[in-house]
Each structure stands twice: as structure tokens, then as C-alpha cells.
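The structure under discussion appears below in the form of C-alpha cells.
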Amino acid sequence: MIRINLLGTEQRPSVRKAAAFDVGQRVTAGAIVIVAAAIAVVGWWFWSLRNASAQLDAEFAAARQEETRLRSLLAEVQTFEEQRARVQQRVALIEQLRSGQSIPVQLLDHISRSVPDMLWLTTLTQKGDEVTMQGRSTTLISLSDFVGSLGSNPIFQRPIEIVNSQVEPASGAGADAVPELILFTVRARIYRPETVQAAAEPPAGRGARGRGARGGRGGAR
């Protein structure tokens, strides 16, 4: 009679199946671990990039705000510079008018005082330092006296020249008669205010020397 060990034949395949099952589980677990680690690394990398992007966006927004603030500040500075330039121009114009104000006043006053009888002016123009006067006179003596009076004030430079003079013949008759007149043009140059002041005031050295000389003479007497 043939005996078959059924138990022995059934135990061997079970051992092999258990070993094969353990290897599959290990491979699957390893793959899961690797995938999980890869996902974790990718997630960490994505989170780092997201944080860096957010930080860059914040820095960019702050830089834009600073740029806007600096632009507004620059606009205010430019406006202030323009206003300061305007004020400086106005101040310079006022100072120029103030510095040149004394010349016209003295000029007109001296000219009006220098006009003799039988002479009158028709035009008076000033171009820079040059003054041109035109008028009429009945005699050459009045014209000569006028020029001499103009030169007596240091406001005018010497010599004062008579540019043109011509005789206008008499015309009309009776009540409408016009006597013979002399048409003239006189030209003179004026000094600057500081030059006029220096010329008008006597030097201190001469006055001191004069007073010292007088005092010495008085003492000698």
C-alpha cells in the first residue's frame, strides 16, 4: 500500500507564499516611503518658493511705495526750487529798481534846475548810461548855460557834447509870429550810483590832512 504524506506537501508551498508576500510588502512599503518622501520634498520646495515669492512681492510693494513717496518728495522739491527762483528774481528786480531809483530822481531834478530862461526841452530819453535831450532855445547863450549847468553836477560825466544844433528861421507875422529858434540835441553820460556817491563825498584823507594842516598852521600862529 502506498502512503502519501499530504501534510508535508501542503506545508512547503505555504512557506514560499509567505516569503513572497513579505518581499512584496517590503517593496510596496519602500515605494510608498519613497513617494511620500518625494512628495514631502516637493511640498517643502513649493512652500519655500511660495514664501520667497511672497517675500519678494512684499519687498516689491514696499519699493513701489517708496518710489511713489520719493517722486512726490521730488515734485515738492522742484516746486520749492521754482518758487525760490521766482522769489530770487523778484528780489533781484526790486534791488535793481532800488539801486537805480536814485539816478532818475537826481537826474530829473538836476536837469530841471539846469534849464535856463528862454530854453525848453521837448524830449528826454535814457538808454543805459546815455541820456539824450532835445529842445529849443532862443539864444546860443542859453544853450551854453544849460550845458554848463549840466556839467556842474557829478551825476554827469564830462564833457557834455552838443550833438546837433541848427537854426529854425522865424515864421508867421503879427500875433502868430514865431521868433528864430535854435534846435539842439545834447548828449551826456551818467555815473553809476556808487560812482556818484564817491564823487559827491570828499575823501576822508584829504579832509583829515586839511584839518591837520590847518591845525598846524593855527598852532604855528
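A note on labels: chains of the C-alpha cells are A, B, ... as shown, every chain counts residues from 1, and ligands are counted from 1 in their shown order.
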
*Can you list, as JSON, numbers by chain, every protein, DNA or RNA residue that comes within 12 Å of segment 120-134 of chain A when you count only C-alpha atoms, leaving out same-chain residues fewer than 4 positions away?*
{"A": [100, 103, 104, 107, 108, 111, 112, 113, 114, 115, 116, 138, 139, 142, 143, 146, 147, 150, 155, 156, 157, 160, 161, 162, 163, 164, 165, 166, 181, 182, 183, 184, 185, 186, 187, 188, 189, 190, 191, 192, 193]}

Deliver the residues from the most recent selection as a file, using N, CA and C atoms, as a tab-separated table (two decimals), in the first residue's frame.
chain	number	residue	atom	x	y	z
A	100	GLY	N	18.76	151.67	-8.82
A	100	GLY	CA	18.70	152.65	-9.90
A	100	GLY	C	17.68	153.74	-9.69
A	103	ILE	N	19.15	157.50	-9.35
A	103	ILE	CA	19.64	158.17	-10.55
A	103	ILE	C	18.53	158.93	-11.27
A	104	PRO	N	17.38	158.34	-11.60
A	104	PRO	CA	16.35	159.13	-12.28
A	104	PRO	C	15.87	160.32	-11.48
A	107	LEU	N	18.58	162.80	-11.59
A	107	LEU	CA	18.73	163.23	-12.98
A	107	LEU	C	17.67	164.25	-13.37
A	108	LEU	N	16.42	163.93	-13.12
A	108	LEU	CA	15.34	164.84	-13.48
A	108	LEU	C	15.42	166.14	-12.68
A	111	ILE	N	18.35	168.20	-14.13
A	111	ILE	CA	18.04	168.74	-15.46
A	111	ILE	C	17.03	169.88	-15.36
A	112	SER	N	16.01	169.68	-14.52
A	112	SER	CA	15.00	170.74	-14.39
A	112	SER	C	15.60	172.01	-13.80
A	113	ARG	N	16.56	171.85	-12.87
A	113	ARG	CA	17.20	173.03	-12.29
A	113	ARG	C	18.20	173.68	-13.25
A	114	SER	N	18.69	172.89	-14.23
A	114	SER	CA	19.70	173.43	-15.15
A	114	SER	C	19.09	174.16	-16.34
A	115	VAL	N	17.78	174.04	-16.55
A	115	VAL	CA	17.15	174.68	-17.71
A	115	VAL	C	17.06	176.19	-17.45
A	116	PRO	N	17.73	177.00	-18.27
A	116	PRO	CA	17.67	178.46	-18.07
A	116	PRO	C	16.43	179.07	-18.74
A	138	THR	N	16.18	180.17	-27.62
A	138	THR	CA	16.12	181.41	-28.42
A	138	THR	C	17.51	181.97	-28.67
A	139	THR	N	18.49	181.61	-27.81
A	139	THR	CA	19.85	182.14	-27.97
A	139	THR	C	20.86	181.04	-27.72
A	142	SER	N	21.84	180.76	-23.90
A	142	SER	CA	21.01	179.89	-23.06
A	142	SER	C	21.44	178.43	-23.23
A	143	LEU	N	21.75	178.04	-24.44
A	143	LEU	CA	22.19	176.67	-24.67
A	143	LEU	C	23.53	176.42	-23.98
A	146	PHE	N	22.98	176.08	-20.28
A	146	PHE	CA	22.34	174.80	-19.98
A	146	PHE	C	23.39	173.68	-19.92
A	147	VAL	N	24.28	173.65	-20.90
A	147	VAL	CA	25.32	172.63	-20.92
A	147	VAL	C	26.27	172.81	-19.73
A	150	LEU	N	24.56	171.53	-16.59
A	150	LEU	CA	24.53	170.06	-16.54
A	150	LEU	C	25.86	169.50	-16.07
A	155	ILE	N	26.76	163.85	-11.31
A	155	ILE	CA	25.94	162.79	-11.87
A	155	ILE	C	26.23	162.58	-13.34
A	156	PHE	N	26.76	163.61	-14.01
A	156	PHE	CA	27.09	163.53	-15.43
A	156	PHE	C	28.60	163.45	-15.61
A	157	GLN	N	28.98	162.68	-16.59
A	157	GLN	CA	30.39	162.62	-16.98
A	157	GLN	C	30.70	163.78	-17.92
A	160	ILE	N	30.13	167.13	-21.73
A	160	ILE	CA	28.77	167.00	-22.25
A	160	ILE	C	28.76	167.63	-23.64
A	161	GLU	N	28.39	166.85	-24.61
A	161	GLU	CA	28.52	167.29	-26.00
A	161	GLU	C	27.19	167.74	-26.59
A	162	ILE	N	27.29	168.77	-27.41
A	162	ILE	CA	26.14	169.22	-28.20
A	162	ILE	C	26.23	168.48	-29.54
A	163	VAL	N	25.38	167.51	-29.70
A	163	VAL	CA	25.44	166.66	-30.88
A	163	VAL	C	25.03	167.42	-32.13
A	164	ASN	N	23.98	168.22	-32.00
A	164	ASN	CA	23.45	168.91	-33.19
A	164	ASN	C	22.81	170.21	-32.75
A	165	SER	N	22.95	171.22	-33.56
A	165	SER	CA	22.26	172.50	-33.34
A	165	SER	C	22.05	173.16	-34.70
A	166	GLN	N	20.86	173.55	-34.92
A	166	GLN	CA	20.52	174.22	-36.18
A	166	GLN	C	19.48	175.30	-35.92
A	181	LEU	N	14.49	180.26	-33.71
A	181	LEU	CA	14.80	179.32	-32.64
A	181	LEU	C	15.99	178.47	-33.03
A	182	ILE	N	16.65	177.95	-32.01
A	182	ILE	CA	17.79	177.06	-32.20
A	182	ILE	C	17.37	175.66	-31.73
A	183	LEU	N	17.32	174.74	-32.67
A	183	LEU	CA	17.02	173.34	-32.35
A	183	LEU	C	18.33	172.64	-31.97
A	184	PHE	N	18.34	171.97	-30.83
A	184	PHE	CA	19.59	171.37	-30.37
A	184	PHE	C	19.35	169.95	-29.85
A	185	THR	N	20.42	169.20	-29.83
A	185	THR	CA	20.45	167.85	-29.25
A	185	THR	C	21.70	167.75	-28.39
A	186	VAL	N	21.50	167.46	-27.12
A	186	VAL	CA	22.60	167.35	-26.15
A	186	VAL	C	22.66	165.91	-25.66
A	187	ARG	N	23.87	165.39	-25.59
A	187	ARG	CA	24.07	164.01	-25.14
A	187	ARG	C	25.07	164.00	-23.99
A	188	ALA	N	24.71	163.23	-22.95
A	188	ALA	CA	25.57	163.14	-21.76
A	188	ALA	C	25.52	161.72	-21.22
A	189	ARG	N	26.55	161.35	-20.49
A	189	ARG	CA	26.62	160.04	-19.87
A	189	ARG	C	26.59	160.20	-18.35
A	190	ILE	N	25.88	159.31	-17.70
A	190	ILE	CA	25.71	159.41	-16.25
A	190	ILE	C	26.59	158.36	-15.57
A	191	TYR	N	26.91	158.66	-14.30
A	191	TYR	CA	27.66	157.73	-13.49
A	191	TYR	C	26.72	156.75	-12.83
A	192	ARG	N	27.30	155.65	-12.37
A	192	ARG	CA	26.56	154.71	-11.53
A	192	ARG	C	26.36	155.31	-10.15
A	193	PRO	N	25.37	154.80	-9.36
A	193	PRO	CA	25.12	155.38	-8.03
A	193	PRO	C	26.34	155.38	-7.13

_Backbone DSSP call of strand (DSSP E) for segment 48-162 of chain A, listed as a list in words_ =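 Output for segment 48-162 of chain A, strand (DSSP E) only: Leu119, Trp120, Leu121, Thr122, Thr123, Leu124, Thr125, Gln126, Lys127, Glu130, Val131, Thr132, Met133, Gln134, Gly135, Arg136, Ser137, Glu161 and Ile162 of chain A.
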
_Point-to-point distance from atom CA of Gln78 of chain A to atom CA of Ala63 of chain A, Å rounded to tenths_ =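 Atom CA of Ala63 of chain A lies 22.0 Å from atom CA of Gln78 of chain A.
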
_Rounded to one decimal, what separation in Å do you get between atom CA of Glu168 of chain A and atom CA of Gly148 of chain A?_
23.0 Å

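Straight-line separation from atom CA of Gln25 of chain A to atom CA of Trp44 of chain A: 27.8 Å.
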
*Name the residues of segment 126-185 of chain A that fall into helix (DSSP H, G or I) according to DSSP on the backbone, using the chain letters and numbers of this document, as a count of residues only.*
14
